[in-house]
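Structure record follows, encoded as structure tokens.
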Number of protein chains: 4
Amino acid sequence: MLSLRDPIHGFIRADPLEAALINSRPLQRLRTIHQLGLTFLVFPGAEHSRFSHALGAMHLAGRAYDALCSRAEGLLPGGINARERRLARVAALLHDLGHAPFSHSAEELFQGGIDHEEMTRRLIASAEMARIFERWGDGITPEDVLRLLTGQGAPVERLLGQIVSGELDVDKMDYLLRDSLFCGVRYGNFDLDRLLETLLPIEDPGTGAWGIGLEEGGVHAVEALVLARYYMFTQVYFNATGKALELHLNQWLAEAGQRWPDTPEAFLEEDDVSIWSAMRRSASLHARAVVDREHFPVAFETREHLSAEEKRSFEALLPELARRFGAGNLLVSNSAKDPHRLRTSRVLVRHYDGTLEPMTEASQFIRHLARIERFRVYTPQALRQPVGAAIRELWSA
Amino acid sequence: MLSLRDPIHGFIRADPLEAALINSRPLQRLRTIHQLGLTFLVFPGAEHSRFSHALGAMHLAGRAYDALCSRAEGLLPGGINARERRLARVAALLHDLGHAPFSHSAEELFQGGIDHEEMTRRLIASAEMARIFERWGDGITPEDVLRLLTGQGAPVERLLGQIVSGELDVDKMDYLLRDSLFCGVRYGNFDLDRLLETLLPIEDPGTGAWGIGLEEGGVHAVEALVLARYYMFTQVYFNATGKALELHLNQWLAEAGQRWPDTPEAFLEEDDVSIWSAMRRSASLHARAVVDREHFPVAFETREHLSAEEKRSFEALLPELARRFGAGNLLVSNSAKDPHRLRTSRVLVRHYDGTLEPMTEASQFIRHLARIERFRVYTPQALRQPVGAAIRELWSA
Amino acid sequence: MLSLRDPIHGFIRADPLEAALINSRPLQRLRTIHQLGLTFLVFPGAEHSRFSHALGAMHLAGRAYDALCSRAEGLLPGGINARERRLARVAALLHDLGHAPFSHSAEELFQGGIDHEEMTRRLIASAEMARIFERWGDGITPEDVLRLLTGQGAPVERLLGQIVSGELDVDKMDYLLRDSLFCGVRYGNFDLDRLLETLLPIEDPGTGAWGIGLEEGGVHAVEALVLARYYMFTQVYFNATGKALELHLNQWLAEAGQRWPDTPEAFLEEDDVSIWSAMRRSASLHARAVVDREHFPVAFETREHLSAEEKRSFEALLPELARRFGAGNLLVSNSAKDPHRLRTSRVLVRHYDGTLEPMTEASQFIRHLARIERFRVYTPQALRQPVGAAIRELWSA
Amino acid sequence: MLSLRDPIHGFIRADPLEAALINSRPLQRLRTIHQLGLTFLVFPGAEHSRFSHALGAMHLAGRAYDALCSRAEGLLPGGINARERRLARVAALLHDLGHAPFSHSAEELFQGGIDHEEMTRRLIASAEMARIFERWGDGITPEDVLRLLTGQGAPVERLLGQIVSGELDVDKMDYLLRDSLFCGVRYGNFDLDRLLETLLPIEDPGTGAWGIGLEEGGVHAVEALVLARYYMFTQVYFNATGKALELHLNQWLAEAGQRWPDTPEAFLEEDDVSIWSAMRRSASLHARAVVDREHFPVAFETREHLSAEEKRSFEALLPELARRFGAGNLLVSNSAKDPHRLRTSRVLVRHYDGTLEPMTEASQFIRHLARIERFRVYTPQALRQPVGAAIRELWSA
């Protein structure tokens, strides 16, 4: 039994299949993918990688499984070695394999029109992984994992899938706690123990599907999770300086014609180290902006929550802005995120009297959380004032 | 310099005046007043007293003062020994002196129609305290403290007063962190360092008064504070079992004709120890209910947020309920609390461009937090079903 | 399943037997026994009771059992409901029942020459407890618990007994972490997870008895536990002011002719509340010394580690001191404690090659930790100088 | 005022000089030097860099300065902007500039016979730094910093030098807390607040030099610091797997003829990224051993504390071992460290009566901590048994 120390969860243990997967190249590559891209240039502690997040997600998948199992009345088999439990853990371990260098910072650059989730699937289906599952799988195949990650399969598999990817998934639980700790902030803290304590599998009477729901007593714990995520987005992930660096990175990648390969073997060569090495040898303004942190300053930023109409009108002024100042002198970030997807992926609350209610109703304020929708325009220092003035003029027009 | 260890704040230091006040009878009495009344019977760790809270509030008053001072541009004098700073700390140390046994659990029982805040003032004005201020005050008098605690005096004094009692006061900051730790929950956590970092004195252009406001960057930190308080109320302070015990306590106190004296000397004799000693020797059903935790179970509870209309209609059915089952068989709790008072006590946010906005506008969801307004009806086990049924029948009628 | 929140361990769960025991009078009485006696008068946070410690010890007994079980190769049955596991937990829950008011501060005053451990046994054997075990025991009897607590029974029972009382017991683990947190110090911290990770049952080849030992990799974790305890004794439990208050308490109890009853029923009436109520109504100098913290100051204290010879010579001068200044003017504390008992209760370390070695050999410095043996003499302020001078004169003579 | 978040210390603030230094290339290069070399391959969380450690050391230098100042009776000027305080902070910020890639893992490879401390000095004296000090120094020059770091200058400067480098320096305080957190262990924890609380400047009556000493009450806090360091060495820094990876790294660097430049400009090009990029493209067995973690296993390891005689005899058998199995098949690590240097760099303890005593006397067990001196021999899997057997045979001979 492999046993690893983790700053968030203490001891994390891995059975032989998990240990072999951890030792594989696709997992080890995550050691050189920063969990938060270039954020470490803003929050110095954010030097952690996707690798430790993957371990943490695996660990939490076991805890979430046990929580659901204890209230599942026969739906899920108990015991530490139950195949369903192992499957959920392995899926969590592998769920982030396909992340491009610097994680979300530059995730649009895949060849062949794929995204990082498709690359995750290709890596899981690769020969290297196949050999590991063959040798150590003991009833679990790559296909099982893929079915889980794509939300397919039998009702129980779809329930397991939600442990890894859903509104109340272990991905979120781990990254909020982990990113908070490493960034040195507290926004992402929530009551993990209490949350797990209140999860339970609920069969949606409308659709007949099993999903992860909660007892009435957990409503506030879920609210806290939603808010923790919301705050991490507004305060950390959408940080103004971090966004600037990300824009410069993407400019440089575009200049350099960099694309992420769509085949596993080639993809495995690309990580933060390969990109950072190239970038710091480059004389490009955008490379220097990142490496020397000489990024464009903010000339203008909108409020945090533009309406759809405001968004359209802001986007409409950008061509004129580019005409006046030159597209090369403008970097525009659009930080957009729904605070949750509780409307579409229904999370049900079971009241003490047995009645069910969607979380959006059970919570009095979650439905009032507005979508984050903010633009920032960055420009060279010398243009800062005129660009800002021009935007104010054009937008009010 | 007296130096004390504290689980929340580490070392807490006290100058000679503070040390003498800490050693006075009114402060020492707080050692035998549970910070959370009978809550320790529900959350076993909640054994902490008002005494350590008073020390913590004093400590935080110094930190809040320093934060305001660093952004006050001459409004407040700097330095650890500045009179204004010492005054704010002393006021925080003394702000809770008048709490009755079991804190808020039975605070309506003062003789002479006074409340615990009036008793606080009487204790501060008592001869024992006068002697201490005379000997160690060094420019601070009991009258100065009273002026601060009642929100009077010069503009700067009213600003200092808000450190101790206001929407962003150190009382709240300390009790949320302290009660969370001791109860073993995380609801009350918020980012204290970040919050203090963003406080600043703002002159309200409408009224000309100075108040504690914040920079735009602190909006989410204040939201987190408001939510921490809201969750502590719903999850801990208004806990169903805790409320039951509190009702029984009040019944027993009524039976025993217990009132809290309105003179300092007599009041100092009353604390949790004196009441608990008497209660456990009593054969009264209500004393046993508390001491042996054989409290009435919940027969009915409303949702957490009744409208004014719902509240009226619920109260209207209570006489009929008492007629049917006997008033002695019914204990009714009304847990009511505004999630904040930001509407009436305006907290201003200063945006990066210097404009001011009330916090209720700057935050997108704080104004949607509804008032907590919940009734619970407790009754002997044998009547639980019929009482519940009767309420459902009467209320829907 | 009863579920309680704890500041140290998070959720603590109790099965029906445990819940019934928790609800019994002997357990509930521990709520009004301060875990650290009068220490709260020195470390304001130390307001915690034996009750939460008992819950914590029960919780850790389960964790220690699971750790031993996972390396016990059939010696101990696995699973959360194994009778042996439940037995260890219940024994830990009940192990402190017989503590006198203010815990160790005044534990010599039992009638009939018994001690608090004998009272613990009498309470476990009482009719109230018998009824609970009869109703909920499900294979566990009071006799089983008594056998465990007295280190008797079959080899496996003696092994279980060490979980509750031995060099590596859960009593110590819990109180070190708990007392550190509440006192606001860090002396008592050690790596609980790592320690549990390295425990294993070892059959002593010399005696054939099973005991709790450890893997070589745990040597430093045990050293840290031993040091944590050592520091808590020197810095907190043997604090100079705390010892003064304890001496006054004992003086007052002696004056008042107070003895702790040796029958369960009468004993249940005595707790910190009953004593504190009486003490604060008393005009005795010693009662005031405690209640008003007007204790005698230290006139003299020895170094922390007297040799046996130094101890004898110090004790020899005390009669002459009493003759000169009057016995009533002198309070003498002797703070004495072995840093561990690893010599007599052999803890074995299993090296990677399978060889065994006693912990005292495996650790390079544990055997060098000297016994704490320190005297302090307290006296009224006016006598402080002459008493100190006299001791220096007499001792050097 | 630049304000940064840190996982250990919360907010870290930097004045203009500090901010400019932080932004310099030598400091920014530390972002790509792992604080613990290859340790992240063993403790997944250890992904932190020398950069955040440098910030932490700067922050603690201010706290240590304030602690000394408050008990220095005029020796050190008070106030946040005192030149001496700024100097100590800047020296702490810059003290690690010259670390080679992977920190201590390969620090012997400097050209020109220099070490990382000499490189630190060259970087501080470089033109880039000179420009910064000229622009922002405000009374502080690179020469001032160099004098501090080399323990020269006036008595007060030598005292300041000990804040950065001495037995009780902020380097140690920061790395112990930081490495513990990121590794997910607790070995390195000690009571920072208490330690700082007891520091005081003491003039050594023997030498007349001022040094950082402590009050009697801090003896246990310093013991805890010494033990924390000792445990971090035995459990983390000298971890068996970590040492194997380090040996392979050094083999690969030797094969590749890699040396660290002895001129600042060239040196700035070398960091973990440059080495890791090269290593992972290499087919060398040693590069693969690190990158794919296919390191030689341990064939033999000695106990942790060899005597000088044992050390000599072990070293004496190595030539014969190499003869039998081939030098290329053997990697030998020697993990050696004194637990402290309290004998040579006297730390004085001031007792309550004013007498002074060296820390080695004041602590009863610190002098019993033996030097760590351990050999491990690594070899390819196939030779593991024969090599182990040969060592046992040769050593006992």
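By convention in this document, the chains of the structure tokens carry letters A, B, ... by their order, each chain's residues are numbered from 1, and ligands are numbered from 1 in the order they are shown.
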Open item on the list: Should the cut-off be 7 Å, what would the residue list for chain B against chain C look like, counting only C-alpha atoms, as a list in words?
Closed with: Leu4, Arg5, Asp6, Pro7, Gly10, Phe43, Pro44, Gly45, Glu47, His48, Ser52, Leu181, Phe182, Cys183, Gly184, Val273, Ser274 and Ser277 of chain B
- [ ] Would you list, as a count of residues only, the residues of stretch 153-221 of chain C that end up in alpha helix (DSSP H) under DSSP run on this structure's backbone?
- [x] 34
TODO: Tell me which protein, DNA and RNA residues are within 8 Å of A:Glu301, counting only C-alpha atoms, leaving out same-chain ones fewer than 2 positions away, and put them as a PyMOL selection string.
DONE: chain A and resi 298-299+303+374-377
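When atom CA of B:Arg86 is paired with atom CA of B:Glu215, their separation reads 25.4 Å.
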Do a neighbour search on stretch 365-372 of chain A at 9 Å with only C-alpha atoms, toss out local chain neighbours closer than 4 positions, and write the hits as a PDB file with N, CA, C and O atoms, in the first residue's frame.
```pdb
ATOM      1  N   GLU A 223     -24.319  25.839   0.402  1.00  0.00           N
ATOM      2  CA  GLU A 223     -24.202  27.281   0.144  1.00  0.00           C
ATOM      3  C   GLU A 223     -22.755  27.734   0.343  1.00  0.00           C
ATOM      4  O   GLU A 223     -22.199  28.494  -0.447  1.00  0.00           O
ATOM      5  N   VAL A 226     -20.636  26.709  -2.554  1.00  0.00           N
ATOM      6  CA  VAL A 226     -20.896  27.549  -3.732  1.00  0.00           C
ATOM      7  C   VAL A 226     -20.229  28.907  -3.571  1.00  0.00           C
ATOM      8  O   VAL A 226     -19.591  29.424  -4.495  1.00  0.00           O
ATOM      9  N   LEU A 227     -20.341  29.468  -2.374  1.00  0.00           N
ATOM     10  CA  LEU A 227     -19.727  30.775  -2.142  1.00  0.00           C
ATOM     11  C   LEU A 227     -18.209  30.706  -2.155  1.00  0.00           C
ATOM     12  O   LEU A 227     -17.544  31.617  -2.649  1.00  0.00           O
ATOM     13  N   TYR A 230     -17.269  30.750  -5.652  1.00  0.00           N
ATOM     14  CA  TYR A 230     -17.543  32.084  -6.191  1.00  0.00           C
ATOM     15  C   TYR A 230     -16.439  33.062  -5.792  1.00  0.00           C
ATOM     16  O   TYR A 230     -15.908  33.814  -6.620  1.00  0.00           O
ATOM     17  N   PHE A 233     -13.132  32.448  -7.527  1.00  0.00           N
ATOM     18  CA  PHE A 233     -13.123  32.989  -8.896  1.00  0.00           C
ATOM     19  C   PHE A 233     -12.915  34.496  -8.889  1.00  0.00           C
ATOM     20  O   PHE A 233     -12.040  35.024  -9.571  1.00  0.00           O
ATOM     21  N   THR A 234     -13.699  35.211  -8.064  1.00  0.00           N
ATOM     22  CA  THR A 234     -13.588  36.671  -8.122  1.00  0.00           C
ATOM     23  C   THR A 234     -12.256  37.164  -7.563  1.00  0.00           C
ATOM     24  O   THR A 234     -11.685  38.113  -8.076  1.00  0.00           O
ATOM     25  N   GLU A 304     -18.284  43.755 -11.896  1.00  0.00           N
ATOM     26  CA  GLU A 304     -18.122  42.298 -11.902  1.00  0.00           C
ATOM     27  C   GLU A 304     -19.261  41.540 -12.593  1.00  0.00           C
ATOM     28  O   GLU A 304     -19.106  40.378 -12.965  1.00  0.00           O
ATOM     29  N   HIS A 305     -20.417  42.196 -12.742  1.00  0.00           N
ATOM     30  CA  HIS A 305     -21.580  41.447 -13.217  1.00  0.00           C
ATOM     31  C   HIS A 305     -22.301  42.205 -14.315  1.00  0.00           C
ATOM     32  O   HIS A 305     -23.340  42.827 -14.081  1.00  0.00           O
ATOM     33  N   LEU A 306     -21.782  42.149 -15.518  1.00  0.00           N
ATOM     34  CA  LEU A 306     -22.478  42.799 -16.623  1.00  0.00           C
ATOM     35  C   LEU A 306     -23.724  42.004 -16.993  1.00  0.00           C
ATOM     36  O   LEU A 306     -23.727  40.769 -16.956  1.00  0.00           O
ATOM     37  N   SER A 307     -24.734  42.731 -17.374  1.00  0.00           N
ATOM     38  CA  SER A 307     -25.908  42.058 -17.940  1.00  0.00           C
ATOM     39  C   SER A 307     -25.579  41.635 -19.371  1.00  0.00           C
ATOM     40  O   SER A 307     -24.576  42.070 -19.946  1.00  0.00           O
ATOM     41  N   SER A 335     -13.694  37.735 -18.095  1.00  0.00           N
ATOM     42  CA  SER A 335     -13.784  36.769 -17.003  1.00  0.00           C
ATOM     43  C   SER A 335     -15.242  36.435 -16.793  1.00  0.00           C
ATOM     44  O   SER A 335     -16.009  37.276 -16.329  1.00  0.00           O
ATOM     45  N   ALA A 336     -15.616  35.229 -17.140  1.00  0.00           N
ATOM     46  CA  ALA A 336     -17.033  34.869 -17.107  1.00  0.00           C
ATOM     47  C   ALA A 336     -17.215  33.526 -16.439  1.00  0.00           C
ATOM     48  O   ALA A 336     -16.475  32.575 -16.717  1.00  0.00           O
ATOM     49  N   LYS A 337     -18.148  33.459 -15.551  1.00  0.00           N
ATOM     50  CA  LYS A 337     -18.392  32.201 -14.846  1.00  0.00           C
ATOM     51  C   LYS A 337     -19.754  32.242 -14.182  1.00  0.00           C
ATOM     52  O   LYS A 337     -20.109  33.214 -13.519  1.00  0.00           O
ATOM     53  N   ASP A 338     -20.480  31.166 -14.340  1.00  0.00           N
ATOM     54  CA  ASP A 338     -21.690  31.033 -13.541  1.00  0.00           C
ATOM     55  C   ASP A 338     -21.296  30.622 -12.131  1.00  0.00           C
ATOM     56  O   ASP A 338     -20.422  29.779 -11.961  1.00  0.00           O
ATOM     57  N   PRO A 339     -21.952  31.193 -11.140  1.00  0.00           N
ATOM     58  CA  PRO A 339     -21.589  30.854  -9.761  1.00  0.00           C
ATOM     59  C   PRO A 339     -21.918  29.400  -9.425  1.00  0.00           C
ATOM     60  O   PRO A 339     -21.370  28.843  -8.477  1.00  0.00           O
ATOM     61  N   HIS A 340     -22.782  28.814 -10.198  1.00  0.00           N
ATOM     62  CA  HIS A 340     -23.118  27.390 -10.023  1.00  0.00           C
ATOM     63  C   HIS A 340     -23.955  26.989 -11.222  1.00  0.00           C
ATOM     64  O   HIS A 340     -24.356  27.840 -12.026  1.00  0.00           O
ATOM     65  N   LEU A 342     -26.677  24.965 -10.663  1.00  0.00           N
ATOM     66  CA  LEU A 342     -27.689  24.223  -9.927  1.00  0.00           C
ATOM     67  C   LEU A 342     -29.031  24.231 -10.633  1.00  0.00           C
ATOM     68  O   LEU A 342     -29.904  23.412 -10.343  1.00  0.00           O
ATOM     69  N   ARG A 343     -29.216  25.157 -11.534  1.00  0.00           N
ATOM     70  CA  ARG A 343     -30.488  25.152 -12.238  1.00  0.00           C
ATOM     71  C   ARG A 343     -30.560  23.989 -13.230  1.00  0.00           C
ATOM     72  O   ARG A 343     -31.524  23.246 -13.260  1.00  0.00           O
ATOM     73  N   MET A 359     -32.227  22.468  -4.751  1.00  0.00           N
ATOM     74  CA  MET A 359     -31.343  23.310  -3.937  1.00  0.00           C
ATOM     75  C   MET A 359     -31.581  24.791  -4.228  1.00  0.00           C
ATOM     76  O   MET A 359     -31.508  25.617  -3.311  1.00  0.00           O
ATOM     77  N   THR A 360     -31.851  25.128  -5.453  1.00  0.00           N
ATOM     78  CA  THR A 360     -32.077  26.543  -5.771  1.00  0.00           C
ATOM     79  C   THR A 360     -33.278  27.117  -5.025  1.00  0.00           C
ATOM     80  O   THR A 360     -33.357  28.320  -4.801  1.00  0.00           O
ATOM     81  N   GLU A 361     -34.232  26.268  -4.671  1.00  0.00           N
ATOM     82  CA  GLU A 361     -35.369  26.730  -3.868  1.00  0.00           C
ATOM     83  C   GLU A 361     -35.054  26.684  -2.376  1.00  0.00           C
ATOM     84  O   GLU A 361     -35.434  27.556  -1.615  1.00  0.00           O
TER      85      GLU A 361
ATOM     86  N   GLN B 364     -23.940  41.899  -4.230  1.00  0.00           N
ATOM     87  CA  GLN B 364     -25.085  41.505  -5.043  1.00  0.00           C
ATOM     88  C   GLN B 364     -26.103  40.659  -4.298  1.00  0.00           C
ATOM     89  O   GLN B 364     -27.238  40.543  -4.702  1.00  0.00           O
ATOM     90  N   PHE B 365     -25.693  40.012  -3.211  1.00  0.00           N
ATOM     91  CA  PHE B 365     -26.678  39.112  -2.592  1.00  0.00           C
ATOM     92  C   PHE B 365     -26.988  39.418  -1.138  1.00  0.00           C
ATOM     93  O   PHE B 365     -27.936  38.860  -0.589  1.00  0.00           O
ATOM     94  N   ILE B 366     -26.213  40.300  -0.504  1.00  0.00           N
ATOM     95  CA  ILE B 366     -26.471  40.533   0.913  1.00  0.00           C
ATOM     96  C   ILE B 366     -27.882  41.036   1.157  1.00  0.00           C
ATOM     97  O   ILE B 366     -28.538  40.671   2.137  1.00  0.00           O
ATOM     98  N   HIS B 368     -30.423  40.147  -0.296  1.00  0.00           N
ATOM     99  CA  HIS B 368     -31.413  39.070  -0.457  1.00  0.00           C
ATOM    100  C   HIS B 368     -31.476  38.131   0.736  1.00  0.00           C
ATOM    101  O   HIS B 368     -32.289  37.218   0.755  1.00  0.00           O
ATOM    102  N   LEU B 369     -30.582  38.317   1.682  1.00  0.00           N
ATOM    103  CA  LEU B 369     -30.632  37.464   2.867  1.00  0.00           C
ATOM    104  C   LEU B 369     -31.861  37.832   3.685  1.00  0.00           C
ATOM    105  O   LEU B 369     -32.013  38.962   4.128  1.00  0.00           O
ATOM    106  N   ALA B 370     -32.720  36.869   3.877  1.00  0.00           N
ATOM    107  CA  ALA B 370     -33.972  37.146   4.586  1.00  0.00           C
ATOM    108  C   ALA B 370     -33.770  37.051   6.097  1.00  0.00           C
ATOM    109  O   ALA B 370     -32.884  36.358   6.584  1.00  0.00           O
TER     110      ALA B 370
END
```
Do you know which residues are at most 10 Å from D:Leu356 counting only C-alpha atoms, after dropping those on the same chain fewer than 6 positions away, and could you put them as a short mmCIF file (atom, residue, chain, number, x, y, z; two decimals) with C-alpha atoms, in the first residue's frame?
```
data_model
loop_
_atom_site.label_atom_id
_atom_site.label_comp_id
_atom_site.auth_asym_id
_atom_site.auth_seq_id
_atom_site.Cartn_x
_atom_site.Cartn_y
_atom_site.Cartn_z
CA ILE D 202 22.79 39.38 25.52
CA GLU D 203 26.33 40.63 25.81
CA ASP D 204 28.59 37.65 26.30
CA PRO D 205 30.66 38.46 29.39
CA GLY D 213 20.04 34.84 23.64
CA LEU D 214 16.90 34.02 25.54
CA GLU D 215 15.13 34.25 28.84
CA GLU D 216 15.01 31.13 30.99
CA VAL D 347 23.58 30.87 22.88
CA LEU D 348 23.16 32.29 26.36
CA VAL D 349 20.17 31.86 28.64
CA ARG D 350 19.40 34.56 31.17
CA ALA D 362 20.36 25.03 30.51
#
```
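Note that the spacing between atom CA of A:Glu167 and atom CA of A:Ser345 amounts to 7.1 Å.
Pairwise distance (atom CA of C:Met232, atom CA of C:Gly37) equals 14.5 Å.
You can rank C:Ala382, C:Ile391, C:Met58, C:Ala20 by their closest distance to C:Ala130 using only C-alpha atoms, and at the top of that list sits C:Ala20.
Here the question is which of B:Val164, B:Met119, B:Ile212, B:Glu197 gets nearest to D:Ile12 using only C-alpha atoms, and that residue is B:Glu197.
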